[in-house]
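Text of the file input.cif, holding mmCIF, C-alpha atoms:
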```
data_upload
loop_
_atom_site.group_PDB
_atom_site.id
_atom_site.type_symbol
_atom_site.label_atom_id
_atom_site.label_comp_id
_atom_site.auth_asym_id
_atom_site.auth_seq_id
_atom_site.Cartn_x
_atom_site.Cartn_y
_atom_site.Cartn_z
ATOM 1 C CA MET D 245 26.628 -3.035 7.155
ATOM 2 C CA GLN D 246 25.958 -3.022 10.911
ATOM 3 C CA ARG D 247 22.559 -1.843 12.174
ATOM 4 C CA PRO D 248 23.733 1.552 13.593
ATOM 5 C CA ASP D 249 25.571 2.290 10.345
ATOM 6 C CA LEU D 250 22.549 1.215 8.301
ATOM 7 C CA ALA D 251 20.268 3.475 10.331
ATOM 8 C CA LYS D 252 22.594 6.448 9.815
ATOM 9 C CA ALA D 253 22.787 5.766 6.083
ATOM 10 C CA VAL D 254 19.005 5.541 5.795
ATOM 11 C CA LEU D 255 18.573 8.828 7.693
ATOM 12 C CA ALA D 256 21.107 10.394 5.318
ATOM 13 C CA GLY D 257 18.899 9.425 2.374
ATOM 14 C CA ASP D 258 21.232 6.774 0.948
ATOM 15 C CA ARG D 259 19.050 4.861 -1.543
ATOM 16 C CA ARG D 260 21.252 1.760 -1.466
ATOM 17 C CA ALA D 261 21.010 1.675 2.307
ATOM 18 C CA LEU D 262 17.242 2.083 2.045
ATOM 19 C CA ALA D 263 17.073 -0.864 -0.358
ATOM 20 C CA ARG D 264 19.119 -2.990 2.059
ATOM 21 C CA ALA D 265 16.904 -1.940 4.956
ATOM 22 C CA ILE D 266 13.746 -2.954 3.081
ATOM 23 C CA THR D 267 15.343 -6.293 2.193
ATOM 24 C CA LEU D 268 16.084 -6.765 5.886
ATOM 25 C CA VAL D 269 12.499 -6.114 7.022
ATOM 26 C CA GLU D 270 11.136 -8.385 4.287
ATOM 27 C CA SER D 271 13.320 -11.293 5.368
ATOM 28 C CA ASN D 272 11.690 -14.211 7.202
ATOM 29 C CA ARG D 273 14.873 -15.259 9.022
ATOM 30 C CA ALA D 274 14.590 -14.959 12.802
ATOM 31 C CA ASP D 275 17.930 -13.140 13.204
ATOM 32 C CA HIS D 276 17.053 -10.727 10.395
ATOM 33 C CA ARG D 277 13.669 -10.091 11.977
ATOM 34 C CA ALA D 278 15.298 -9.183 15.284
ATOM 35 C CA ASP D 279 17.650 -6.770 13.511
ATOM 36 C CA ALA D 280 14.747 -5.288 11.560
ATOM 37 C CA VAL D 281 12.777 -4.574 14.747
ATOM 38 C CA LYS D 282 15.815 -2.820 16.262
ATOM 39 C CA LEU D 283 16.362 -0.817 13.075
ATOM 40 C CA LEU D 284 12.744 0.350 12.977
ATOM 41 C CA GLU D 285 12.932 1.282 16.659
ATOM 42 C CA THR D 286 16.060 3.344 16.011
ATOM 43 C CA LEU D 287 14.506 5.161 13.050
ATOM 44 C CA ALA D 288 11.171 5.792 14.782
ATOM 45 C CA GLY D 289 12.607 8.841 16.539
ATOM 46 C CA SER D 290 13.361 10.695 13.304
ATOM 47 C CA GLY D 291 9.930 12.334 13.352
ATOM 48 C CA ARG D 292 9.830 12.501 9.564
ATOM 49 C CA GLN D 293 6.538 12.178 7.725
ATOM 50 C CA ALA D 294 5.677 11.732 4.079
ATOM 51 C CA LEU D 295 2.335 11.957 2.361
ATOM 52 C CA ARG D 296 1.334 8.324 1.910
ATOM 53 C CA ILE D 297 -0.735 7.714 -1.219
ATOM 54 C CA GLY D 298 -2.232 4.321 -2.020
ATOM 55 C CA LEU D 299 -3.034 3.530 -5.642
ATOM 56 C CA SER D 300 -5.167 0.642 -6.830
ATOM 57 C CA GLY D 301 -6.973 -0.377 -9.981
ATOM 58 C CA THR D 302 -7.712 -3.345 -12.172
ATOM 59 C CA PRO D 303 -4.863 -4.879 -14.237
ATOM 60 C CA GLY D 304 -4.314 -3.008 -17.484
ATOM 61 C CA VAL D 305 -5.749 0.285 -16.249
ATOM 62 C CA GLY D 306 -2.299 1.906 -16.537
ATOM 63 C CA LYS D 307 -1.138 2.096 -12.912
ATOM 64 C CA SER D 308 2.565 1.917 -13.741
ATOM 65 C CA THR D 309 2.230 4.466 -16.550
ATOM 66 C CA PHE D 310 0.311 6.787 -14.244
ATOM 67 C CA ILE D 311 2.820 6.429 -11.409
ATOM 68 C CA GLU D 312 5.740 7.195 -13.716
ATOM 69 C CA ALA D 313 4.081 10.308 -15.151
ATOM 70 C CA PHE D 314 2.809 11.429 -11.736
ATOM 71 C CA GLY D 315 6.163 10.725 -10.059
ATOM 72 C CA LEU D 316 8.092 12.665 -12.711
ATOM 73 C CA MET D 317 5.743 15.613 -12.230
ATOM 74 C CA LEU D 318 6.413 15.566 -8.472
ATOM 75 C CA THR D 319 10.196 15.235 -8.824
ATOM 76 C CA GLY D 320 10.027 18.099 -11.312
ATOM 77 C CA GLN D 321 8.733 20.184 -8.395
ATOM 78 C CA GLY D 322 11.731 19.153 -6.291
ATOM 79 C CA LEU D 323 9.880 16.539 -4.237
ATOM 80 C CA ARG D 324 11.486 13.213 -3.317
ATOM 81 C CA VAL D 325 9.223 10.336 -4.318
ATOM 82 C CA ALA D 326 9.349 6.690 -3.193
ATOM 83 C CA VAL D 327 7.319 4.064 -5.040
ATOM 84 C CA LEU D 328 6.522 0.741 -3.384
ATOM 85 C CA ALA D 329 5.124 -1.438 -6.153
ATOM 86 C CA VAL D 330 3.600 -4.682 -4.922
ATOM 87 C CA ASP D 331 3.668 -7.358 -7.614
ATOM 88 C CA PRO D 332 2.041 -10.793 -7.825
ATOM 89 C CA SER D 333 4.363 -13.540 -6.606
ATOM 90 C CA SER D 334 5.731 -16.508 -8.450
ATOM 91 C CA ALA D 335 4.245 -19.742 -7.108
ATOM 92 C CA ARG D 336 7.654 -21.383 -7.526
ATOM 93 C CA SER D 337 10.229 -18.885 -6.288
ATOM 94 C CA GLY D 338 8.014 -16.488 -4.309
ATOM 95 C CA GLY D 339 9.583 -13.596 -6.196
ATOM 96 C CA SER D 340 7.990 -10.770 -8.127
ATOM 97 C CA ILE D 341 6.410 -11.694 -11.470
ATOM 98 C CA LEU D 342 5.804 -8.385 -13.204
ATOM 99 C CA GLY D 343 8.730 -6.280 -12.040
ATOM 100 C CA ASP D 344 7.109 -2.839 -12.168
ATOM 101 C CA LYS D 345 10.484 -1.128 -11.979
ATOM 102 C CA THR D 346 11.213 -2.165 -15.561
ATOM 103 C CA ARG D 347 8.030 -0.407 -16.662
ATOM 104 C CA MET D 348 9.019 2.906 -15.039
ATOM 105 C CA GLU D 349 12.219 3.390 -16.976
ATOM 106 C CA HIS D 350 12.406 7.180 -16.754
ATOM 107 C CA LEU D 351 11.327 7.489 -13.130
ATOM 108 C CA SER D 352 13.748 4.756 -12.027
ATOM 109 C CA ARG D 353 16.647 6.897 -13.305
ATOM 110 C CA ASP D 354 15.466 10.057 -11.556
ATOM 111 C CA PRO D 355 17.820 10.897 -8.647
ATOM 112 C CA LEU D 356 14.858 12.161 -6.597
ATOM 113 C CA ALA D 357 12.937 8.899 -6.984
ATOM 114 C CA PHE D 358 13.210 5.458 -5.412
ATOM 115 C CA ILE D 359 11.302 2.450 -6.765
ATOM 116 C CA ARG D 360 11.045 -0.812 -4.882
ATOM 117 C CA PRO D 361 9.076 -3.761 -6.317
ATOM 118 C CA SER D 362 8.058 -6.281 -3.655
ATOM 119 C CA PRO D 363 6.356 -9.664 -4.138
ATOM 120 C CA SER D 364 2.958 -9.971 -2.490
ATOM 121 C CA GLN D 365 3.820 -13.553 -1.402
ATOM 122 C CA ALA D 366 0.129 -14.521 -1.383
ATOM 123 C CA GLN D 367 -0.687 -11.683 1.049
ATOM 124 C CA LEU D 368 -4.308 -10.638 0.672
ATOM 125 C CA GLY D 369 -5.387 -7.020 0.351
ATOM 126 C CA GLY D 370 -3.094 -6.145 -2.552
ATOM 127 C CA VAL D 371 -0.060 -5.262 -0.417
ATOM 128 C CA ALA D 372 2.960 -7.133 0.873
ATOM 129 C CA ARG D 373 3.137 -8.165 4.528
ATOM 130 C CA ARG D 374 5.947 -5.723 5.305
ATOM 131 C CA SER D 375 4.621 -2.785 3.278
ATOM 132 C CA ARG D 376 3.953 -0.772 6.459
ATOM 133 C CA GLU D 377 7.569 -1.141 7.534
ATOM 134 C CA ALA D 378 8.829 -0.242 4.057
ATOM 135 C CA VAL D 379 6.740 2.950 4.231
ATOM 136 C CA ALA D 380 8.265 3.810 7.616
ATOM 137 C CA LEU D 381 11.767 3.312 6.203
ATOM 138 C CA CYS D 382 11.025 5.578 3.224
ATOM 139 C CA GLU D 383 9.766 8.283 5.573
ATOM 140 C CA ALA D 384 12.900 8.007 7.704
ATOM 141 C CA ALA D 385 14.978 8.363 4.528
ATOM 142 C CA GLY D 386 13.406 11.775 3.953
ATOM 143 C CA PHE D 387 11.042 11.137 1.059
ATOM 144 C CA ASP D 388 8.214 13.643 0.691
ATOM 145 C CA VAL D 389 5.706 11.348 -1.019
ATOM 146 C CA VAL D 390 5.367 7.565 -0.764
ATOM 147 C CA LEU D 391 3.249 5.901 -3.453
ATOM 148 C CA ILE D 392 2.033 2.374 -2.749
ATOM 149 C CA GLU D 393 0.858 0.548 -5.859
ATOM 150 C CA THR D 394 -1.236 -2.523 -5.074
ATOM 151 C CA VAL D 395 -1.287 -5.776 -7.018
ATOM 152 C CA GLY D 396 -4.514 -4.847 -8.761
ATOM 153 C CA VAL D 397 -6.836 -7.775 -8.207
ATOM 154 C CA GLY D 398 -10.222 -6.209 -7.605
ATOM 155 C CA GLN D 399 -12.560 -4.939 -4.911
ATOM 156 C CA SER D 400 -10.825 -6.729 -2.014
ATOM 157 C CA GLU D 401 -7.843 -4.371 -2.048
ATOM 158 C CA THR D 402 -8.877 -2.377 0.993
ATOM 159 C CA LEU D 403 -5.883 -3.144 3.225
ATOM 160 C CA VAL D 404 -3.830 -0.398 1.594
ATOM 161 C CA ALA D 405 -6.216 2.165 3.106
ATOM 162 C CA ASP D 406 -4.959 1.110 6.547
ATOM 163 C CA MET D 407 -1.462 2.371 5.778
ATOM 164 C CA THR D 408 -2.019 5.463 3.618
ATOM 165 C CA ASP D 409 -3.265 9.015 4.045
ATOM 166 C CA ILE D 410 -5.019 9.175 0.668
ATOM 167 C CA PHE D 411 -6.391 6.273 -1.333
ATOM 168 C CA VAL D 412 -6.666 6.711 -5.106
ATOM 169 C CA LEU D 413 -8.609 4.341 -7.341
ATOM 170 C CA LEU D 414 -7.584 4.327 -10.999
ATOM 171 C CA MET D 415 -10.294 3.245 -13.441
ATOM 172 C CA ALA D 416 -10.416 2.704 -17.204
ATOM 173 C CA PRO D 417 -13.084 4.141 -19.522
ATOM 174 C CA ALA D 418 -15.828 1.859 -20.842
ATOM 175 C CA GLY D 419 -14.642 -0.984 -18.645
ATOM 176 C CA GLY D 420 -18.168 -2.170 -17.902
ATOM 177 C CA ASP D 421 -17.742 -1.542 -14.160
ATOM 178 C CA GLU D 422 -19.559 1.764 -13.899
ATOM 179 C CA LEU D 423 -22.284 0.360 -11.630
ATOM 180 C CA GLN D 424 -19.698 -1.061 -9.243
ATOM 181 C CA GLY D 425 -19.682 2.387 -7.664
ATOM 182 C CA VAL D 426 -22.881 1.668 -5.759
ATOM 183 C CA LYS D 427 -21.415 -1.488 -4.155
ATOM 184 C CA ARG D 428 -19.758 -1.690 -0.779
ATOM 185 C CA GLY D 429 -16.062 -2.369 -1.059
ATOM 186 C CA ILE D 430 -13.097 -0.652 -2.597
ATOM 187 C CA MET D 431 -15.184 2.194 -4.064
ATOM 188 C CA GLU D 432 -16.413 3.092 -0.594
ATOM 189 C CA ILE D 433 -12.929 3.762 0.772
ATOM 190 C CA ALA D 434 -11.555 5.676 -2.221
ATOM 191 C CA ASP D 435 -10.725 9.353 -1.689
ATOM 192 C CA LEU D 436 -10.213 10.066 -5.378
ATOM 193 C CA ILE D 437 -11.312 8.135 -8.447
ATOM 194 C CA LEU D 438 -9.192 8.917 -11.486
ATOM 195 C CA VAL D 439 -10.511 7.799 -14.860
ATOM 196 C CA ASN D 440 -7.342 7.152 -16.862
ATOM 197 C CA LYS D 441 -6.819 7.114 -20.631
ATOM 198 C CA ALA D 442 -8.964 10.242 -21.070
ATOM 199 C CA ASP D 443 -7.312 11.050 -24.387
ATOM 200 C CA GLY D 444 -7.715 10.426 -28.106
ATOM 201 C CA ASP D 445 -10.600 8.229 -29.210
ATOM 202 C CA LEU D 446 -11.230 7.111 -25.633
ATOM 203 C CA LYS D 447 -11.850 10.603 -24.281
ATOM 204 C CA PRO D 448 -15.650 10.656 -24.889
ATOM 205 C CA ALA D 449 -15.986 7.234 -23.245
ATOM 206 C CA ALA D 450 -13.799 8.401 -20.358
ATOM 207 C CA LEU D 451 -16.006 11.443 -19.752
ATOM 208 C CA ARG D 452 -19.144 9.268 -19.767
ATOM 209 C CA THR D 453 -17.497 6.865 -17.328
ATOM 210 C CA LEU D 454 -16.450 9.821 -15.179
ATOM 211 C CA ALA D 455 -20.054 11.028 -14.994
ATOM 212 C CA ASP D 456 -21.195 7.535 -13.959
ATOM 213 C CA TYR D 457 -18.650 7.350 -11.144
ATOM 214 C CA ALA D 458 -19.392 10.881 -9.985
ATOM 215 C CA GLY D 459 -23.054 9.940 -9.748
ATOM 216 C CA ALA D 460 -22.228 6.757 -7.861
ATOM 217 C CA LEU D 461 -20.123 8.671 -5.333
ATOM 218 C CA ARG D 462 -23.068 10.937 -4.554
ATOM 219 C CA LEU D 463 -25.023 7.848 -3.469
ATOM 220 C CA LEU D 464 -22.480 6.948 -0.797
ATOM 221 C CA ARG D 465 -22.903 8.107 2.776
ATOM 222 C CA ARG D 466 -20.845 11.147 3.742
ATOM 223 C CA ARG D 467 -17.699 10.206 5.680
ATOM 224 C CA PRO D 468 -16.672 12.346 8.684
ATOM 225 C CA HIS D 469 -13.059 12.637 7.490
ATOM 226 C CA ASP D 470 -14.006 14.228 4.140
ATOM 227 C CA PRO D 471 -14.491 17.928 3.356
ATOM 228 C CA ALA D 472 -17.300 19.058 1.085
ATOM 229 C CA GLY D 473 -16.998 17.636 -2.412
ATOM 230 C CA PHE D 474 -14.990 14.548 -1.456
ATOM 231 C CA PRO D 475 -14.613 11.843 -2.542
ATOM 232 C CA LYS D 476 -14.595 12.992 -6.150
ATOM 233 C CA ALA D 477 -13.853 11.671 -9.628
ATOM 234 C CA LEU D 478 -11.447 13.295 -12.086
ATOM 235 C CA PRO D 479 -10.250 12.545 -15.639
ATOM 236 C CA VAL D 480 -6.535 11.984 -16.266
ATOM 237 C CA SER D 481 -4.288 10.834 -19.060
ATOM 238 C CA ALA D 482 -1.025 9.329 -17.905
ATOM 239 C CA LEU D 483 0.130 8.959 -21.505
ATOM 240 C CA ALA D 484 -0.467 12.620 -22.369
ATOM 241 C CA ALA D 485 0.377 13.820 -18.830
ATOM 242 C CA GLU D 486 -2.975 15.606 -18.599
ATOM 243 C CA GLY D 487 -4.951 16.097 -15.411
ATOM 244 C CA LEU D 488 -2.032 15.098 -13.192
ATOM 245 C CA ALA D 489 -1.514 18.565 -11.721
ATOM 246 C CA GLU D 490 -5.235 18.851 -10.946
ATOM 247 C CA ALA D 491 -5.201 15.456 -9.241
ATOM 248 C CA TRP D 492 -2.170 16.479 -7.146
ATOM 249 C CA ASP D 493 -3.892 19.727 -6.157
ATOM 250 C CA GLU D 494 -6.921 17.770 -4.945
ATOM 251 C CA MET D 495 -4.711 15.390 -2.948
ATOM 252 C CA GLN D 496 -2.953 18.320 -1.284
ATOM 253 C CA THR D 497 -6.268 20.036 -0.557
ATOM 254 C CA LEU D 498 -7.649 16.891 1.060
ATOM 255 C CA ALA D 499 -4.491 16.257 3.104
ATOM 256 C CA ALA D 500 -4.377 19.886 4.292
ATOM 257 C CA TRP D 501 -8.031 19.805 5.397
ATOM 258 C CA ARG D 502 -7.529 16.552 7.285
ATOM 259 C CA ARG D 503 -4.465 17.970 9.047
ATOM 260 C CA GLU D 504 -6.307 21.106 10.111
ATOM 261 C CA SER D 505 -9.364 19.163 11.293
ATOM 262 C CA GLY D 506 -7.337 16.594 13.241
ATOM 263 C CA HIS D 507 -8.403 13.635 11.101
ATOM 264 C CA PHE D 508 -4.892 13.187 9.681
ATOM 265 C CA ALA D 509 -3.241 12.547 13.069
ATOM 266 C CA ALA D 510 -6.178 10.456 14.266
ATOM 267 C CA ARG D 511 -5.959 8.263 11.188
ATOM 268 C CA ARG D 512 -2.217 7.773 11.644
ATOM 269 C CA ALA D 513 -2.863 6.716 15.252
ATOM 270 C CA GLU D 514 -5.507 4.199 14.157
ATOM 271 C CA GLN D 515 -3.134 2.837 11.530
ATOM 272 C CA ALA D 516 -0.386 2.393 14.118
ATOM 273 C CA ARG D 517 -2.789 0.416 16.325
ATOM 274 C CA ALA D 518 -3.841 -1.716 13.337
ATOM 275 C CA TRP D 519 -0.159 -2.362 12.551
ATOM 276 C CA PHE D 520 0.415 -3.525 16.145
ATOM 277 C CA GLU D 521 -2.591 -5.851 16.077
ATOM 278 C CA ALA D 522 -1.536 -7.278 12.701
ATOM 279 C CA GLU D 523 1.928 -8.037 14.100
ATOM 280 C CA VAL D 524 0.388 -9.843 17.078
ATOM 281 C CA ARG D 525 -1.824 -11.953 14.814
ATOM 282 C CA ALA D 526 1.104 -12.763 12.522
ATOM 283 C CA GLY D 527 3.228 -13.747 15.518
ATOM 284 C CA LEU D 528 0.534 -16.070 16.822
ATOM 285 C CA LEU D 529 0.215 -17.730 13.425
ATOM 286 C CA ALA D 530 3.996 -18.089 13.200
ATOM 287 C CA ARG D 531 3.980 -20.093 16.437
ATOM 288 C CA LEU D 532 2.050 -22.830 14.625
ATOM 289 C CA THR D 533 5.081 -23.543 12.425
ATOM 290 C CA THR D 534 8.092 -22.388 14.456
ATOM 291 C CA ASP D 535 7.463 -23.982 17.863
ATOM 292 C CA PRO D 536 8.225 -27.749 17.672
ATOM 293 C CA ALA D 537 5.635 -28.789 20.269
ATOM 294 C CA THR D 538 2.936 -26.639 18.672
ATOM 295 C CA ARG D 539 3.801 -27.913 15.203
ATOM 296 C CA LYS D 540 3.588 -31.520 16.420
ATOM 297 C CA ALA D 541 0.207 -30.926 18.059
ATOM 298 C CA LEU D 542 -1.075 -29.266 14.888
ATOM 299 C CA SER D 543 0.062 -32.225 12.805
ATOM 300 C CA THR D 544 -1.475 -34.763 15.199
ATOM 301 C CA LEU D 545 -4.826 -33.012 15.300
ATOM 302 C CA GLY D 546 -4.731 -32.535 11.527
ATOM 303 C CA ASP D 547 -4.239 -36.287 11.065
ATOM 304 C CA ALA D 548 -7.184 -36.948 13.384
ATOM 305 C CA VAL D 549 -9.391 -34.680 11.304
ATOM 306 C CA ALA D 550 -8.225 -36.273 8.041
ATOM 307 C CA GLU D 551 -8.982 -39.751 9.392
ATOM 308 C CA GLY D 552 -12.445 -38.722 10.543
ATOM 309 C CA LYS D 553 -11.642 -39.220 14.233
ATOM 310 C CA ALA D 554 -12.347 -35.585 15.077
ATOM 311 C CA THR D 555 -14.358 -32.775 13.540
ATOM 312 C CA PRO D 556 -12.488 -29.695 12.291
ATOM 313 C CA ALA D 557 -14.324 -27.495 14.808
ATOM 314 C CA ALA D 558 -13.480 -29.716 17.792
ATOM 315 C CA ALA D 559 -9.852 -30.119 16.724
ATOM 316 C CA ALA D 560 -9.506 -26.353 16.246
ATOM 317 C CA ALA D 561 -10.962 -25.712 19.696
ATOM 318 C CA GLU D 562 -8.463 -28.154 21.233
ATOM 319 C CA MET D 563 -5.566 -26.534 19.349
ATOM 320 C CA LEU D 564 -6.563 -23.086 20.555
ATOM 321 C CA ALA D 565 -6.877 -24.373 24.110
ATOM 322 C CA ARG D 566 -3.331 -25.731 23.906
ATOM 323 C CA LEU D 567 -2.099 -22.316 22.774
ATOM 324 C CA GLY D 568 -3.510 -20.948 26.001
#
```

Show me the file's structure as structure tokens.
Amino acid sequence: MQRPDLAKAVLAGDRRALARAITLVESNRADHRADAVKLLETLAGSGRQALRIGLSGTPGVGKSTFIEAFGLMLTGQGLRVAVLAVDPSSARSGGSILGDKTRMEHLSRDPLAFIRPSPSQAQLGGVARRSREAVALCEAAGFDVVLIETVGVGQSETLVADMTDIFVLLMAPAGGDELQGVKRGIMEIADLILVNKADGDLKPAALRTLADYAGALRLLRRRPHDPAGFPKALPVSALAAEGLAEAWDEMQTLAAWRRESGHFAARRAEQARAWFEAEVRAGLLARLTTDPATRKALSTLGDAVAEGKATPAAAAAEMLARLG
């Protein structure tokens, strides 16, 4: 499909076209990258916006189960939901290991939903390198809510906050991490903490864990982009579909307040600047492997360091000087 036709199909909400467009932006081929940039430029004028929600949590906390239950609740209200699930990558093929789409069987068949698993490809921060562009494509396709599920590797997953409007941290009861709330890191950037599995025999433990997190949040310094009472902790049960409506109400309340106060637009502007700077850094790093002269210089200096003829610091300074 040619780029103008692909752009029209994406704007029309064609899910197959959207999948092809995301494949295009994820490609590392130079010709594909050029086409992807043109496609994104074409779609940028659509003016469509979705509520971007980032979701993180430790492995086994039930992120996929929560997203399926939460997504089905939203589609039941007539909302179009896109899920970008970032999976760990295979060290051999570079592809996705877990395949979250297979664990969201019901949501994947919903005509109002779109699920796209993407391999992280060793990208730090819990998201894939082209996640920002995938979000932009989903917005252009007319989705109302875009959920970004991170890999789930721990407190370093803060990059997702640079591309979302609301960041949700999913926690398990009695996980032994209750005191992590007082640490700087992922807890500090969360807008909502949802204690999952608050059902059955685990419910008392979930409520105790909830109280611990609520207390920890009160110790954090008040952020200027939060209304009174935020960030907050809530109990949910993805399995029993309990607490999901309350969590959605809180997300809408927070998003509405940020829109009215101007923080929503300001945050989007900051995220766009961060996206630009990330692209510049990635382009500079790519020059080390794509430009023959630069690659040769890098190899020569690397050999000098390995042989003890130059220190790493001096060789790095020379390499940077050659880059100009």

Item to check | Nearby residues (all atoms listed in the file) at most 12 Å from region 442-444 of chain D, same-chain spacing under 5 positions excluded, as an MDAnalysis selection string | outcome: chainID D and resid 305:306 414:418 449:454 478:488

Checklist entry - For this file, the PyMOL selection byres ((chain D and resi 285) around 12) selects which residues, as a list in words? => result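 Listing what the PyMOL selection byres ((chain D and resi 285) around 12) selects in the shown file: Arg247, Pro248, Ala251, Ala278, Asp279, Ala280, Val281, Lys282, Leu283, Leu284, Thr286, Leu287, Ala288, Gly289, Ser290, Gly291, Glu377, Ala380, Leu381 and Ala384 of chain D.
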
Next on the checklist: Rounded to one decimal, what separation in Å do you get between CA of Glu312 (chain D) and CA of Val330 (chain D)?
Outcome noted: 14.9 Å

Next on the checklist: Let me make sure I understand: among D:Ala489, D:Gln496, D:Ala455, D:Asn440, which one has the smallest atom-to-atom distance to Val389 (chain D) if we use only C-alpha atoms?
Outcome noted: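 For Val389 (chain D), the nearest of the candidates is D:Gln496.
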
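Separating CA of Thr538 (chain D) from CA of Ser271 (chain D) is a distance of 22.8 Å.
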
Item to check | Between CA of Ala274 (chain D) and CA of Gly568 (chain D) - distance in Å to one decimal | outcome: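 Computing the Euclidean distance for CA of Gly568 (chain D) and CA of Ala274 (chain D) yields 23.2 Å.
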
Next on the checklist: Can you translate the PyMOL selection byres ((chain D and resi 502-512) around 12) into the concrete residues it hits in this file, as a PyMOL selection string?
Outcome noted: chain D and resi 293-296+376+380+405-410+435+467-472+474+495-501+513-519

Writing out the chosen residues with C-alpha atoms as an mmCIF file, in the coordinates of the input:
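Heads up, here's the output in result-v2.cif:
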```
data_model
loop_
_atom_site.group_PDB
_atom_site.id
_atom_site.type_symbol
_atom_site.label_atom_id
_atom_site.label_comp_id
_atom_site.auth_asym_id
_atom_site.auth_seq_id
_atom_site.Cartn_x
_atom_site.Cartn_y
_atom_site.Cartn_z
ATOM 1 C CA GLN D 293 6.538 12.178 7.725
ATOM 2 C CA ALA D 294 5.677 11.732 4.079
ATOM 3 C CA LEU D 295 2.335 11.957 2.361
ATOM 4 C CA ARG D 296 1.334 8.324 1.910
ATOM 5 C CA ARG D 376 3.953 -0.772 6.459
ATOM 6 C CA ALA D 380 8.265 3.810 7.616
ATOM 7 C CA ALA D 405 -6.216 2.165 3.106
ATOM 8 C CA ASP D 406 -4.959 1.110 6.547
ATOM 9 C CA MET D 407 -1.462 2.371 5.778
ATOM 10 C CA THR D 408 -2.019 5.463 3.618
ATOM 11 C CA ASP D 409 -3.265 9.015 4.045
ATOM 12 C CA ILE D 410 -5.019 9.175 0.668
ATOM 13 C CA ASP D 435 -10.725 9.353 -1.689
ATOM 14 C CA ARG D 467 -17.699 10.206 5.680
ATOM 15 C CA PRO D 468 -16.672 12.346 8.684
ATOM 16 C CA HIS D 469 -13.059 12.637 7.490
ATOM 17 C CA ASP D 470 -14.006 14.228 4.140
ATOM 18 C CA PRO D 471 -14.491 17.928 3.356
ATOM 19 C CA ALA D 472 -17.300 19.058 1.085
ATOM 20 C CA PHE D 474 -14.990 14.548 -1.456
ATOM 21 C CA MET D 495 -4.711 15.390 -2.948
ATOM 22 C CA GLN D 496 -2.953 18.320 -1.284
ATOM 23 C CA THR D 497 -6.268 20.036 -0.557
ATOM 24 C CA LEU D 498 -7.649 16.891 1.060
ATOM 25 C CA ALA D 499 -4.491 16.257 3.104
ATOM 26 C CA ALA D 500 -4.377 19.886 4.292
ATOM 27 C CA TRP D 501 -8.031 19.805 5.397
ATOM 28 C CA ALA D 513 -2.863 6.716 15.252
ATOM 29 C CA GLU D 514 -5.507 4.199 14.157
ATOM 30 C CA GLN D 515 -3.134 2.837 11.530
ATOM 31 C CA ALA D 516 -0.386 2.393 14.118
ATOM 32 C CA ARG D 517 -2.789 0.416 16.325
ATOM 33 C CA ALA D 518 -3.841 -1.716 13.337
ATOM 34 C CA TRP D 519 -0.159 -2.362 12.551
#
```

Next on the checklist: I need the residue nearest Phe387 (chain D) from this list: D:Val269, D:Arg360, D:Leu323, D:Met348. Use only C-alpha atoms for the distance.
Outcome noted: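 The answer is D:Leu323, which sits nearest to Phe387 (chain D).
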
Next on the checklist: Here is a test: counting only C-alpha atoms, which residue of D:Gly301, D:Gly527, D:Pro556, D:Gly320 is nearest to Arg277 (chain D)?
Outcome noted: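 For Arg277 (chain D), the nearest of the given residues is D:Gly527.
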
Next on the checklist: Residue by residue, what does the PyMOL selection byres ((chain D and resi 308) around 9) grab here? Present the result as a list of chain:residue names.
Outcome noted: D:Val305, D:Gly306, D:Lys307, D:Thr309, D:Phe310, D:Ile311, D:Glu312, D:Ala313, D:Ala329, D:Asp344, D:Lys345, D:Arg347, D:Met348, D:Glu393

Just C-alpha atoms for this one: save the residues we selected as an mmCIF file, in the frame of the given file.
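Produced file again.cif, reproduced below:
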```cif
data_model
loop_
_atom_site.group_PDB
_atom_site.id
_atom_site.type_symbol
_atom_site.label_atom_id
_atom_site.label_comp_id
_atom_site.auth_asym_id
_atom_site.auth_seq_id
_atom_site.Cartn_x
_atom_site.Cartn_y
_atom_site.Cartn_z
ATOM 1 C CA VAL D 305 -5.749 0.285 -16.249
ATOM 2 C CA GLY D 306 -2.299 1.906 -16.537
ATOM 3 C CA LYS D 307 -1.138 2.096 -12.912
ATOM 4 C CA THR D 309 2.230 4.466 -16.550
ATOM 5 C CA PHE D 310 0.311 6.787 -14.244
ATOM 6 C CA ILE D 311 2.820 6.429 -11.409
ATOM 7 C CA GLU D 312 5.740 7.195 -13.716
ATOM 8 C CA ALA D 313 4.081 10.308 -15.151
ATOM 9 C CA ALA D 329 5.124 -1.438 -6.153
ATOM 10 C CA ASP D 344 7.109 -2.839 -12.168
ATOM 11 C CA LYS D 345 10.484 -1.128 -11.979
ATOM 12 C CA ARG D 347 8.030 -0.407 -16.662
ATOM 13 C CA MET D 348 9.019 2.906 -15.039
ATOM 14 C CA GLU D 393 0.858 0.548 -5.859
#
```

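Restricting the calculation to all atoms listed in the file, the smallest distance between Met563 (chain D) and any of D:Leu446, D:Ile437, D:Val524, D:Leu542 is found for D:Leu542.
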
Checklist entry - Looking at all atoms listed in the file, which of D:Lys441, D:Met317, D:Gly459, D:Arg539 is the one that sits closest to Gly304 (chain D)? => result D:Lys441

Checklist entry - Taking into account only C-alpha atoms, which residue in the set D:Ala385, D:Leu351, D:Leu255, D:Leu299 is nearest to Leu318 (chain D)? => result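 Closest candidate: D:Leu351.
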